[in-house]
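One structure is given below, encoded as structure tokens.
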Amino acid sequence: MTLIIRPTTSEDRENWDRLYQGYAEFYKVEQTPEMRDTVFGWLMDEAHECNGLVAETAEGRLIGLTHFRPFASPLRAATNCFLDDLFVDPVARGSGAAQALIDAVAEHARARGWATVRWITADDNYRGRNVYDRLATRTMWVTYDLKT
């Protein structure tokens, strides 16, 4: 399948909503239209740290998305990249879209001198982890969330 990986644009809103809602459902996260308005606003704001890319077929159908941002790593005195969200439409899984999106984020990071691209996923996301295990090194870090 021929894929075009490109920045998210305002014209993508309806299809981006469909994909991002699918992402939230996959991770069983309650998400409202207002929350999606906020995130899409970040993506459209050039001054905001959040960046977005979409995967589009040659026919113009959006089949995937990713969101990423820089983060400082004081211990290494470096700026890294955090890949926050990655989702491929279930009907397009196996198309190479996930790898193409990750590769595009890595290229973006290299161009900016960001040392590492980091992401997390659910332990039971076996299909995604199959892709990730081919592309990156799994770390032994355990993640904690402290609600404020």
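Naming scheme: A, B, ... for chains in displayed order of the structure tokens; residues 1 onward per chain; ligands 1 onward as shown.
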Item to check | Residue list (alpha helix (DSSP H), DSSP) for segment 50-146 of chain A, as a ChimeraX atom specification | outcome: /A:97-112,126-135
Go through segment 60-118 of chain A residue by residue and, counting only C-alpha atoms, keep those with an atom at most 12 Å from segment 37-45 of chain A; for each kept residue give the shortest atom pair and its distance in Å to one decimal, ordered by chain and increasing number, as CSV.
residue,atom,partner,partner_atom,distance
A:Leu65,CA,A:Leu43,CA,11.7
A:Thr66,CA,A:Leu43,CA,10.8
A:His67,CA,A:Leu43,CA,8.4
A:Phe68,CA,A:Leu43,CA,9.9
A:Arg69,CA,A:Leu43,CA,10.5
A:Asp84,CA,A:Val39,CA,11.7
A:Asp85,CA,A:Val39,CA,11.3
Next on the checklist: Show me, as number ranges by chain, the residues that have an atom within 12 Å of Leu53 of chain A when counting only C-alpha atoms, minus same-chain residues fewer than 4 positions from it.
Outcome noted: A: 4-9, 12, 16, 40, 43-44, 62-69, 83-88, 97-98, 100-106, 108
Next on the checklist: Please list as a PyMOL selection string every residue within 8 Å of Phe82 of chain A, counting only C-alpha atoms and excluding residues in the same chain fewer than 6 positions away.
Outcome noted: chain A and resi 68-71+117-119
For the selection just defined, write its residues with N, CA, C and O atoms to a file, as an mmCIF file, in the first residue's frame.
data_model
loop_
_atom_site.group_PDB
_atom_site.id
_atom_site.type_symbol
_atom_site.label_atom_id
_atom_site.label_comp_id
_atom_site.auth_asym_id
_atom_site.auth_seq_id
_atom_site.Cartn_x
_atom_site.Cartn_y
_atom_site.Cartn_z
ATOM 1 N N PHE A 68 3.302 13.691 18.958
ATOM 2 C CA PHE A 68 4.605 13.619 19.626
ATOM 3 C C PHE A 68 5.049 15.006 20.025
ATOM 4 O O PHE A 68 4.524 16.011 19.528
ATOM 5 N N ARG A 69 6.040 15.048 20.930
ATOM 6 C CA ARG A 69 6.521 16.332 21.455
ATOM 7 C C ARG A 69 7.923 16.159 22.018
ATOM 8 O O ARG A 69 8.322 15.046 22.376
ATOM 9 N N PRO A 70 8.654 17.248 22.126
ATOM 10 C CA PRO A 70 9.970 17.172 22.758
ATOM 11 C C PRO A 70 9.832 17.114 24.274
ATOM 12 O O PRO A 70 8.845 17.578 24.840
ATOM 13 N N PHE A 71 10.826 16.512 24.916
ATOM 14 C CA PHE A 71 10.912 16.589 26.374
ATOM 15 C C PHE A 71 12.381 16.594 26.769
ATOM 16 O O PHE A 71 13.218 15.976 26.107
ATOM 17 N N VAL A 117 13.591 8.708 20.693
ATOM 18 C CA VAL A 117 12.130 8.710 20.608
ATOM 19 C C VAL A 117 11.649 7.653 21.592
ATOM 20 O O VAL A 117 12.085 6.505 21.537
ATOM 21 N N ARG A 118 10.784 8.048 22.498
ATOM 22 C CA ARG A 118 10.297 7.147 23.551
ATOM 23 C C ARG A 118 8.781 7.083 23.498
ATOM 24 O O ARG A 118 8.114 8.069 23.236
ATOM 25 N N TRP A 119 8.245 5.896 23.784
ATOM 26 C CA TRP A 119 6.803 5.752 23.910
ATOM 27 C C TRP A 119 6.496 4.613 24.862
ATOM 28 O O TRP A 119 7.365 3.818 25.184
#
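Distances here use only C-alpha atoms; by that measure, the residue among A:Trp141, A:Asn130, A:Ser73, A:Leu146 closest to Trp114 of chain A is A:Ser73.
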Item to check | Residue list (strand (DSSP E), DSSP) for segment 44-146 of chain A, as a PyMOL selection string | outcome: chain A and resi 51-57+62-73+78-88+117-118
